[in-house]
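So this one's data.cif, mmCIF, C-alpha atoms and all ligand atoms:
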data_work
#
loop_
_atom_site.label_atom_id
_atom_site.label_comp_id
_atom_site.auth_asym_id
_atom_site.auth_seq_id
_atom_site.Cartn_x
_atom_site.Cartn_y
_atom_site.Cartn_z
CA MET E 1 62.97 121.70 -55.89
CA LYS E 2 59.60 122.64 -54.41
CA ILE E 3 57.65 125.34 -56.23
CA LEU E 4 54.80 126.91 -54.26
CA GLU E 5 52.20 129.25 -55.75
CA ASP E 6 50.34 132.23 -54.30
CA VAL E 7 52.18 132.05 -51.02
CA SER E 8 51.34 134.50 -48.23
CA LEU E 9 54.70 135.93 -47.17
CA SER E 10 53.32 136.83 -43.74
CA ASN E 11 53.66 133.14 -42.87
CA TYR E 12 57.38 133.37 -43.63
CA THR E 13 58.29 136.37 -41.45
CA THR E 14 58.44 136.65 -37.66
CA PHE E 15 56.69 140.06 -37.96
CA ARG E 16 53.77 138.27 -39.65
CA LEU E 17 53.38 140.82 -42.45
CA GLY E 18 53.91 140.49 -46.18
CA GLY E 19 51.99 140.27 -49.45
CA THR E 20 51.93 137.37 -51.88
CA ALA E 21 54.65 135.52 -53.72
CA LYS E 22 53.15 134.38 -57.02
CA LYS E 23 55.88 131.73 -57.08
CA MET E 24 58.07 130.65 -54.20
CA PHE E 25 60.99 128.44 -55.14
CA VAL E 26 62.47 126.27 -52.41
CA PRO E 27 65.72 124.84 -53.81
CA GLU E 28 66.84 121.67 -52.03
CA ASN E 29 70.50 121.74 -52.96
CA GLU E 30 73.15 124.23 -54.06
CA ALA E 31 73.02 123.27 -57.74
CA GLU E 32 69.28 124.04 -57.83
CA LEU E 33 69.86 127.43 -56.21
CA VAL E 34 72.64 128.29 -58.67
CA SER E 35 70.61 127.34 -61.76
CA LEU E 36 67.57 129.18 -60.39
CA SER E 37 69.58 132.34 -59.90
CA THR E 38 70.93 132.07 -63.46
CA GLU E 39 67.52 131.43 -65.01
CA TYR E 40 65.39 133.96 -63.12
CA SER E 41 67.86 136.45 -61.55
CA PRO E 42 65.49 136.70 -58.56
CA ARG E 43 65.72 139.81 -56.41
CA TYR E 44 64.04 138.47 -53.29
CA TYR E 45 65.61 135.82 -51.09
CA ILE E 46 64.27 134.91 -47.67
CA GLY E 47 66.01 132.96 -44.89
CA GLY E 48 64.35 132.68 -41.47
CA GLY E 49 62.43 135.91 -42.18
CA SER E 50 63.34 137.28 -38.74
CA ASN E 51 64.74 140.61 -39.85
CA LEU E 52 62.33 141.48 -42.63
CA LEU E 53 59.49 143.96 -43.09
CA ILE E 54 57.63 143.07 -46.28
CA ASP E 55 54.93 145.21 -47.88
CA ASP E 56 51.53 143.91 -48.97
CA GLY E 57 52.37 143.91 -52.69
CA GLU E 58 52.68 141.03 -55.13
CA TYR E 59 56.09 139.46 -55.76
CA ASP E 60 56.60 137.43 -58.94
CA VAL E 61 59.42 135.29 -57.62
CA VAL E 62 60.68 134.75 -54.06
CA VAL E 63 63.33 132.20 -53.17
CA SER E 64 63.30 130.49 -49.79
CA LEU E 65 66.78 129.62 -48.52
CA ARG E 66 65.47 127.23 -45.83
CA ALA E 67 66.45 123.95 -47.43
CA PHE E 68 69.26 124.30 -50.00
CA ASN E 69 72.21 123.67 -47.66
CA THR E 70 71.72 121.99 -44.27
CA LYS E 71 75.30 120.71 -44.00
CA LEU E 72 76.73 120.74 -40.47
CA GLN E 73 80.12 119.08 -40.66
CA ASP E 74 82.60 118.69 -37.80
CA ASP E 75 86.08 119.17 -39.32
CA GLY E 76 87.85 118.64 -35.96
CA ASP E 77 89.68 120.97 -33.57
CA GLY E 78 86.67 123.33 -33.23
CA CYS E 79 86.33 123.81 -36.99
CA PHE E 80 82.93 123.32 -38.65
CA THR E 81 81.62 123.69 -42.19
CA VAL E 82 78.11 125.06 -41.93
CA GLY E 83 75.40 125.36 -44.59
CA ALA E 84 73.48 128.64 -44.86
CA SER E 85 70.14 126.85 -44.25
CA VAL E 86 71.10 125.56 -40.80
CA ARG E 87 69.14 127.17 -37.96
CA LEU E 88 71.28 129.07 -35.43
CA GLN E 89 69.94 127.00 -32.52
CA GLU E 90 70.89 123.77 -34.28
CA LEU E 91 74.41 125.07 -35.02
CA ILE E 92 74.95 126.16 -31.43
CA LYS E 93 73.63 122.92 -29.89
CA THR E 94 75.77 120.75 -32.18
CA VAL E 95 78.96 122.79 -31.67
CA ASN E 96 78.37 122.85 -27.89
CA SER E 97 77.82 119.10 -27.74
CA ARG E 98 81.31 118.62 -29.19
CA GLY E 99 82.89 120.80 -26.47
CA TYR E 100 83.13 124.06 -28.41
CA GLY E 101 81.24 127.34 -28.47
CA GLY E 102 81.32 131.12 -28.20
CA ILE E 103 78.07 132.27 -29.80
CA GLU E 104 75.58 131.01 -27.20
CA TYR E 105 74.21 134.59 -27.07
CA LEU E 106 72.68 133.86 -30.50
CA PHE E 107 70.65 130.95 -29.09
CA SER E 108 67.67 133.30 -28.81
CA VAL E 109 67.85 134.42 -32.44
CA PRO E 110 65.25 132.79 -34.73
CA GLY E 111 67.28 133.03 -37.94
CA LEU E 112 69.28 130.82 -40.28
CA VAL E 113 73.07 130.86 -40.34
CA GLY E 114 73.17 132.43 -43.84
CA GLY E 115 70.94 135.31 -42.70
CA ALA E 116 72.98 135.72 -39.53
CA VAL E 117 76.19 135.99 -41.57
CA ALA E 118 74.64 138.51 -44.00
CA MET E 119 73.41 140.59 -41.03
CA ASN E 120 76.52 139.88 -38.93
CA ALA E 121 74.17 139.03 -36.06
CA GLY E 122 75.47 139.46 -32.54
CA ARG E 123 75.03 141.08 -29.15
CA GLY E 124 74.36 144.76 -28.55
CA ARG E 125 76.90 147.28 -29.81
CA SER E 126 78.71 147.71 -26.46
CA TYR E 127 79.58 143.99 -26.23
CA HIS E 128 81.65 143.80 -29.45
CA GLN E 129 80.54 140.21 -30.05
CA CYS E 130 79.18 138.98 -33.34
CA ILE E 131 79.06 135.84 -35.44
CA SER E 132 81.91 137.04 -37.67
CA ASP E 133 84.29 136.54 -34.69
CA TYR E 134 84.11 132.81 -35.51
CA ILE E 135 84.11 132.96 -39.32
CA GLN E 136 87.14 132.00 -41.39
CA GLU E 137 85.81 131.81 -44.96
CA VAL E 138 82.49 132.19 -46.72
CA LYS E 139 81.32 130.41 -49.86
CA VAL E 140 79.33 132.86 -51.92
CA LEU E 141 77.30 132.88 -55.12
CA ARG E 142 78.42 136.11 -56.79
CA ASN E 143 77.57 137.02 -60.38
CA GLN E 144 76.57 133.42 -61.14
CA GLU E 145 79.91 132.17 -59.87
CA VAL E 146 80.55 130.16 -56.72
CA ILE E 147 83.62 131.43 -54.89
CA TRP E 148 85.20 131.18 -51.42
CA ILE E 149 86.13 134.49 -49.88
CA LYS E 150 88.27 135.12 -46.80
CA LYS E 151 86.87 136.81 -43.74
CA ASP E 152 88.75 140.06 -44.35
CA GLU E 153 86.97 140.45 -47.72
CA CYS E 154 83.51 140.11 -46.15
CA GLY E 155 83.27 143.73 -44.94
CA PHE E 156 81.96 142.72 -41.50
CA ARG E 157 80.89 145.66 -39.39
CA TYR E 158 78.26 146.09 -36.68
CA ARG E 159 75.16 144.35 -38.17
CA ASP E 160 76.59 144.72 -41.64
CA SER E 161 78.55 142.84 -44.31
CA VAL E 162 79.15 142.98 -48.06
CA PHE E 163 76.33 140.42 -48.35
CA LYS E 164 73.62 142.61 -46.80
CA ASN E 165 71.58 144.42 -49.45
CA SER E 166 73.74 143.05 -52.27
CA ASN E 167 73.22 140.30 -54.85
CA ASP E 168 75.71 138.00 -53.12
CA LEU E 169 74.28 134.84 -51.62
CA VAL E 170 75.94 133.16 -48.65
CA LEU E 171 76.04 129.41 -49.36
CA GLU E 172 78.33 127.89 -46.75
CA ILE E 173 80.67 129.04 -44.00
CA LYS E 174 83.89 127.72 -42.47
CA MET E 175 83.87 128.54 -38.75
CA LYS E 176 86.26 127.93 -35.86
CA PHE E 177 84.96 127.96 -32.29
CA ASP E 178 86.56 128.16 -28.82
CA SER E 179 87.09 125.08 -26.71
CA ILE E 180 84.52 125.36 -23.89
CA PRO E 181 83.27 122.61 -21.53
CA VAL E 182 79.77 121.32 -22.30
CA GLU E 183 78.42 122.35 -18.85
CA GLU E 184 79.52 125.96 -19.42
CA THR E 185 77.89 126.33 -22.83
CA GLU E 186 74.72 124.68 -21.54
CA LYS E 187 74.62 127.23 -18.71
CA ALA E 188 75.27 130.07 -21.18
CA ARG E 189 72.36 128.95 -23.39
CA LYS E 190 70.00 128.76 -20.41
CA GLU E 191 71.13 132.17 -19.16
CA ARG E 192 70.57 133.68 -22.60
CA ILE E 193 67.00 132.37 -22.78
CA ALA E 194 66.28 133.58 -19.23
CA LEU E 195 67.71 137.04 -20.03
CA CYS E 196 65.64 137.33 -23.20
CA LYS E 197 62.46 136.39 -21.30
CA ARG E 198 63.22 139.24 -18.89
CA VAL E 199 64.23 141.97 -21.33
CA GLN E 200 62.77 141.13 -24.76
CA ASP E 201 59.13 141.73 -25.57
CA ASN E 202 57.94 138.64 -27.41
CA SER E 203 54.29 139.20 -26.50
CA LYS E 204 53.53 139.96 -30.18
CA PRO E 205 55.20 139.28 -33.53
CA ASN E 206 58.41 141.33 -33.94
CA PHE E 207 61.71 141.33 -35.82
CA GLY E 208 64.13 142.13 -33.00
CA SER E 209 65.79 145.53 -32.97
CA VAL E 210 64.60 147.98 -35.62
CA PHE E 211 67.71 150.17 -35.82
CA SER E 212 71.36 149.17 -35.53
CA GLU E 213 72.22 152.75 -34.62
CA SER E 214 69.84 155.09 -32.80
CA ASN E 215 69.60 157.60 -29.99
CA ASN E 216 68.43 156.35 -26.58
CA SER E 217 66.38 159.42 -25.67
CA ILE E 218 64.57 159.41 -29.01
CA MET E 219 63.86 155.71 -28.84
CA ASN E 220 62.55 156.17 -25.27
CA LEU E 221 60.21 158.85 -26.61
CA MET E 222 58.98 156.40 -29.25
CA ARG E 223 57.83 154.07 -26.44
CA LYS E 224 55.10 156.57 -25.55
CA PRO E 225 51.90 155.66 -27.42
CA VAL E 226 51.37 159.27 -28.53
CA PHE E 227 54.51 159.01 -30.71
CA GLY E 228 55.09 155.30 -31.03
CA LYS E 229 51.73 153.77 -31.91
CA LYS E 230 49.91 153.66 -35.23
CA GLY E 231 46.89 151.38 -35.55
CA GLY E 232 48.01 147.85 -34.76
CA VAL E 233 51.76 148.54 -34.68
CA MET E 234 53.61 150.02 -31.72
CA TYR E 235 57.07 150.40 -30.22
CA SER E 236 57.27 148.05 -27.26
CA PRO E 237 56.96 149.72 -23.84
CA LYS E 238 59.13 146.89 -22.45
CA THR E 239 61.97 146.74 -24.98
CA LYS E 240 63.52 149.82 -26.55
CA ASN E 241 63.97 149.94 -30.34
CA TRP E 242 61.51 147.05 -30.78
CA LEU E 243 58.29 147.11 -32.86
CA LEU E 244 55.31 144.89 -32.12
CA ASN E 245 52.69 143.88 -34.64
CA ASP E 246 49.19 143.40 -33.24
CA ASN E 247 47.31 142.84 -36.51
CA GLY E 248 48.77 146.03 -37.94
CA SER E 249 49.80 146.89 -41.49
CA PHE E 250 52.98 147.49 -43.45
CA ASP E 251 52.13 151.19 -43.81
CA GLU E 252 51.72 151.57 -40.05
CA ALA E 253 55.04 149.85 -39.37
CA LEU E 254 56.94 151.80 -42.01
CA GLY E 255 55.26 155.02 -40.81
CA LEU E 256 56.57 154.44 -37.28
CA ILE E 257 60.05 153.65 -38.56
CA LYS E 258 60.07 156.82 -40.66
CA ARG E 259 58.79 158.86 -37.71
CA ALA E 260 61.72 157.73 -35.55
CA GLU E 261 64.08 158.51 -38.44
CA LEU E 262 62.56 161.99 -38.77
CA PHE E 263 63.05 162.66 -35.04
CA HIS E 264 66.71 161.67 -35.42
CA LYS E 265 67.07 163.94 -38.43
CA ILE E 266 65.55 166.90 -36.59
CA ALA E 267 67.85 166.28 -33.61
CA HIS E 268 70.89 165.76 -35.89
CA LYS E 269 71.48 162.29 -34.44
CA PRO E 270 72.66 159.26 -36.44
CA CYS E 271 70.11 156.55 -37.17
CA LYS E 272 70.55 153.40 -39.23
CA ARG E 273 68.03 150.68 -40.02
CA GLU E 274 68.94 147.16 -39.01
CA ILE E 275 65.89 145.49 -40.52
CA VAL E 276 65.56 145.00 -44.27
CA VAL E 277 62.44 146.39 -45.97
CA TRP E 278 60.99 144.86 -49.12
CA SER E 279 58.71 147.01 -51.25
CA ALA E 280 57.28 145.35 -54.34
CA ASP E 281 56.35 148.74 -55.76
CA LYS E 282 59.34 150.60 -54.25
CA ARG E 283 57.41 152.93 -51.92
C1 LIG E 301 62.90 137.69 -31.29
C2 LIG E 301 64.10 138.14 -32.12
C3 LIG E 301 65.34 138.30 -31.51
C4 LIG E 301 66.42 138.72 -32.26
N1 LIG E 301 67.62 138.87 -31.63
C5 LIG E 301 68.71 139.26 -32.34
C6 LIG E 301 69.98 139.39 -31.69
O1 LIG E 301 70.14 139.16 -30.49
N2 LIG E 301 71.04 139.78 -32.46
C7 LIG E 301 70.90 140.03 -33.81
O2 LIG E 301 71.90 140.37 -34.44
N3 LIG E 301 69.71 139.91 -34.43
C8 LIG E 301 68.62 139.53 -33.74
N4 LIG E 301 67.41 139.40 -34.38
C9 LIG E 301 67.30 139.72 -35.82
C10 LIG E 301 67.45 138.50 -36.77
O3 LIG E 301 66.96 137.33 -36.15
C11 LIG E 301 68.89 138.26 -37.22
O4 LIG E 301 69.37 139.36 -37.95
C12 LIG E 301 68.99 136.99 -38.10
O5 LIG E 301 70.32 136.63 -38.18
C13 LIG E 301 68.41 137.14 -39.49
O6 LIG E 301 68.45 135.87 -40.12
P1 LIG E 301 67.28 135.34 -41.08
O7 LIG E 301 67.68 134.03 -41.62
O8 LIG E 301 65.97 135.39 -40.37
O9 LIG E 301 67.32 136.45 -42.22
P2 LIG E 301 66.09 137.03 -43.07
O10 LIG E 301 65.25 137.90 -42.17
O11 LIG E 301 65.41 135.97 -43.82
O12 LIG E 301 66.87 137.96 -44.11
C14 LIG E 301 67.47 139.17 -43.70
C15 LIG E 301 68.26 139.72 -44.91
O13 LIG E 301 69.36 138.85 -45.18
C16 LIG E 301 69.24 138.34 -46.53
N5 LIG E 301 69.69 136.94 -46.48
C17 LIG E 301 69.11 135.91 -45.82
N6 LIG E 301 69.81 134.78 -46.03
C18 LIG E 301 70.85 135.12 -46.85
C19 LIG E 301 71.93 134.39 -47.44
N7 LIG E 301 72.09 133.08 -47.25
N8 LIG E 301 72.80 135.07 -48.23
C20 LIG E 301 72.67 136.40 -48.45
N9 LIG E 301 71.67 137.15 -47.92
C21 LIG E 301 70.78 136.50 -47.14
C22 LIG E 301 67.79 138.47 -46.91
O14 LIG E 301 67.63 138.57 -48.32
C23 LIG E 301 67.43 139.77 -46.22
O15 LIG E 301 67.88 140.86 -46.96
C24 LIG E 301 66.28 138.97 -33.65
C25 LIG E 301 65.03 138.81 -34.26
C26 LIG E 301 63.95 138.38 -33.51
C27 LIG E 301 62.62 138.19 -34.17
#
Before anything else, please render the file you have as structure tokens.
Ligand SMILES: Cc1cc2nc3c(=O)[nH]c(=O)nc-3n(C[C@H](O)[C@H](O)[C@H](O)COP(=O)(O)OP(=O)(O)OC[C@H]3O[C@@H](n4cnc5c(N)ncnc54)[C@H](O)[C@@H]3O)c2cc1C
Amino acid sequence: MKILEDVSLSNYTTFRLGGTAKKMFVPENEAELVSLSTEYSPRYYIGGGSNLLIDDGEYDVVVSLRAFNTKLQDDGDGCFTVGASVRLQELIKTVNSRGYGGIEYLFSVPGLVGGAVAMNAGRGRSYHQCISDYIQEVKVLRNQEVIWIKKDECGFRYRDSVFKNSNDLVLEIKMKFDSIPVEETEKARKERIALCKRVQDNSKPNFGSVFSESNNSIMNLMRKPVFGKKGGVMYSPKTKNWLLNDNGSFDEALGLIKRAELFHKIAHKPCKREIVVWSADKR
């Protein structure tokens, strides 16, 4: 297991913000992760860091999930056993090359499979398509015990699962994909990338959509600099519900998130955060 010291967490998030991890453990197999969780009971686990806003505080222990399980096993007939550390792009390319698919819309998502399962990553709400459509069972570390749980016990909802904001760790997943010709999935991947270039603002570091539930009119209002800009952080004028970090700070980002939440509260409209916020000192 690699142990890194005084690590800047901003290098581990797509939003490029975050304080320091005094120790970052990078377990290289499942046994190391399990014994680490028993010994230290860490609170902070990071996958691809693509849905995280981290404050500038100091974290004693952070665990990186990038390397502990990179298994990508073809079990035949569209079934695959997939480690939580596998990158989504790698999963999709491998599954597609064997003549299967269904989640090519996640080809643009810079996360790991474990993070995608915890977040139940997918397309926008109106499409009713998410990674859990292809999940059969999930291997989880729960209360120091490794168990397999069936899909219907995973509490999958829009951008939510029993694993999000809990102590459960997703270790491995059994998935079953649709049979789709290679040319079709290749086309779908290309179309996804082209669509994202058109509609997603990747001009600056970001973490994808901020809220999983929000009001269109309010989020349009937030695109106006007078409401939606604080120092180096702003809501993207191009992509709704999307924060950009141009050398800004955690306080600016959180301030803009709270401002949008306040507007929803005043207007009596529902609003739910999609991103996960870490605060070392619980602000
Ligand atoms: C440019 C861009 C585009 C995006 N597009 C989409 C999109 O189309 N659809 C979509 O749904 N999301 C999208 N996202 C958001 C994000 O990429 C996904 O939610 C992704 O699946 C998160 O995975 P991650 O590995 O980066 O998780 P992280 O950001 O590392 O972690 C997120 C949370 O999950 C927890 N976690 C991570 N791994 C595990 C694990 N193995 N077990 C238990 N908990 C875990 C972490 O502790 C944290 O609480 C986008 C983000 C970006 C930057």
I want to know what sits within 9 Å of Gly101 in chain E, based on all atoms listed in the file, with residues of the same chain fewer than 2 positions away left out; could you give that as a PyMOL selection string? chain E and resi 78+92-93+95-99+103-104+176-182+185
Under the rule that all atoms listed in the file are counted, which of E:Arg43, E:Lys139, E:Lys230, E:Arg123 is the nearest residue to ligand LIG 301 (chain E)? E:Arg123
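Between Asn215 in chain E and the residues E:Val34, E:Val162, E:Ala253, E:Ala267, the shortest atom-to-atom distance, using only C-alpha atoms, involves E:Ala267.
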With 6 Å as the cut-off and all atoms listed in the file counted, what is the closest atom pair between each nearby residue of chain E and ligand LIG 301 (chain E)? Distances in Å to one decimal, ordered by chain and number, as a tab-separated table.
residue	atom	partner	partner_atom	distance
E:Thr14	CA	E:LIG301	C27	5.7
E:Tyr45	CA	E:LIG301	O14	4.4
E:Ile46	CA	E:LIG301	O11	4.2
E:Gly47	CA	E:LIG301	O11	3.3
E:Gly48	CA	E:LIG301	O8	3.3
E:Gly49	CA	E:LIG301	O11	3.4
E:Ser50	CA	E:LIG301	O8	3.6
E:Asn51	CA	E:LIG301	O10	3.6
E:Leu52	CA	E:LIG301	O10	4.6
E:Ala84	CA	E:LIG301	N7	5.2
E:Leu106	CA	E:LIG301	O1	5.9
E:Val109	CA	E:LIG301	N1	4.5
E:Pro110	CA	E:LIG301	O3	5.1
E:Gly111	CA	E:LIG301	O8	3.6
E:Leu112	CA	E:LIG301	O7	3.8
E:Gly114	CA	E:LIG301	N7	3.6
E:Gly115	CA	E:LIG301	N6	3.6
E:Ala116	CA	E:LIG301	O5	3.1
E:Ala118	CA	E:LIG301	N9	5.1
E:Met119	CA	E:LIG301	O4	5.2
E:Ala121	CA	E:LIG301	O2	3.1
E:Gly122	CA	E:LIG301	O2	4.1
E:Arg123	CA	E:LIG301	N2	5.3
E:Phe163	CA	E:LIG301	C20	5.4
E:Lys164	CA	E:LIG301	N9	5.9
E:Asn165	CA	E:LIG301	O15	5.7
E:Asp168	CA	E:LIG301	C20	5.8
E:Leu169	CA	E:LIG301	N8	3.7
E:Val170	CA	E:LIG301	N8	3.7
E:Leu171	CA	E:LIG301	N7	5.8
E:Asn206	CA	E:LIG301	C27	5.3
E:Phe207	CA	E:LIG301	C27	3.7
E:Gly208	CA	E:LIG301	C25	3.7
E:Val276	CA	E:LIG301	O15	5.5
Looking at only C-alpha atoms, which of E:Asn247, E:Met222, E:Lys229, E:Glu184 is the one that sits closest to Leu17 in chain E?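 Smallest distance to Leu17 in chain E is found for E:Asn247.
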Could the residues of range 221-250 of chain E that have an atom at most 7 Å from range 195-202 of chain E be listed as a tab-separated table, each with its closest atom pair and the distance in Å to one decimal, counting all atoms listed in the file and ordered by chain and ascending residue number?
residue	atom	partner	partner_atom	distance
E:Ser236	CA	E:Asp201	CA	6.8
E:Lys238	CA	E:Asp201	CA	6.0
E:Thr239	CA	E:Gln200	CA	5.7
In terms of only C-alpha atoms, the residue from E:Leu65, E:Leu33, E:Ala280, E:Met175 at minimal distance from Tyr100 in chain E is E:Met175
Per residue of range 8-36 of chain E within 10 Å of range 55-64 of chain E, note the shortest atom pair and the distance in Å to one decimal, counting only C-alpha atoms, and order the rows by chain and increasing residue number, as JSON lines.
{"residue": "E:Ser8", "atom": "CA", "partner": "E:Asp56", "partner_atom": "CA", "distance": 9.4}
{"residue": "E:Leu9", "atom": "CA", "partner": "E:Asp56", "partner_atom": "CA", "distance": 8.8}
{"residue": "E:Ser10", "atom": "CA", "partner": "E:Asp56", "partner_atom": "CA", "distance": 9.0}
{"residue": "E:Tyr12", "atom": "CA", "partner": "E:Ser64", "partner_atom": "CA", "distance": 9.0}
{"residue": "E:Leu17", "atom": "CA", "partner": "E:Asp55", "partner_atom": "CA", "distance": 7.2}
{"residue": "E:Gly18", "atom": "CA", "partner": "E:Asp56", "partner_atom": "CA", "distance": 5.0}
{"residue": "E:Gly19", "atom": "CA", "partner": "E:Asp56", "partner_atom": "CA", "distance": 3.7}
{"residue": "E:Thr20", "atom": "CA", "partner": "E:Glu58", "partner_atom": "CA", "distance": 5.0}
{"residue": "E:Ala21", "atom": "CA", "partner": "E:Tyr59", "partner_atom": "CA", "distance": 4.7}
{"residue": "E:Lys22", "atom": "CA", "partner": "E:Asp60", "partner_atom": "CA", "distance": 5.0}
{"residue": "E:Lys23", "atom": "CA", "partner": "E:Val61", "partner_atom": "CA", "distance": 5.0}
{"residue": "E:Met24", "atom": "CA", "partner": "E:Val62", "partner_atom": "CA", "distance": 4.9}
{"residue": "E:Phe25", "atom": "CA", "partner": "E:Val63", "partner_atom": "CA", "distance": 4.8}
{"residue": "E:Val26", "atom": "CA", "partner": "E:Ser64", "partner_atom": "CA", "distance": 5.0}
{"residue": "E:Pro27", "atom": "CA", "partner": "E:Ser64", "partner_atom": "CA", "distance": 7.3}
{"residue": "E:Glu28", "atom": "CA", "partner": "E:Ser64", "partner_atom": "CA", "distance": 9.8}
{"residue": "E:Leu33", "atom": "CA", "partner": "E:Val63", "partner_atom": "CA", "distance": 8.6}
{"residue": "E:Leu36", "atom": "CA", "partner": "E:Val63", "partner_atom": "CA", "distance": 8.9}
Work out how far CA of Arg142 in chain E is from CA of Thr38 in chain E, in Å to one decimal. 10.8 Å
Using CA of Glu153 in chain E and CA of Asn167 in chain E as the two end points, give the distance in Å to one decimal.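 CA of Glu153 in chain E sits 15.5 Å away from CA of Asn167 in chain E.
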Of the residues E:Ile257, E:Val117, E:Phe211, E:Phe107, which is the one nearest to Arg192 in chain E, using only C-alpha atoms? E:Phe107
So which one's closest to Ile275 in chain E, E:Leu141, E:Val210, E:Leu262, E:Leu88? Using all atoms listed in the file, please.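 The closest residue to Ile275 in chain E is E:Val210.
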Between CA of Lys2 in chain E and CA of Gly83 in chain E, what distance in Å does the model show, to one decimal? 18.8 Å
Output as JSON the centre and edge lengths (Å, one decimal) of the box along x, y and z of the file that holds every listed atom of range 117-132 of chain E after adding 8 Å on each side.
{"center_x": 77.7, "center_y": 141.8, "center_z": -35.1, "size_x": 24.5, "size_y": 27.9, "size_z": 33.8}
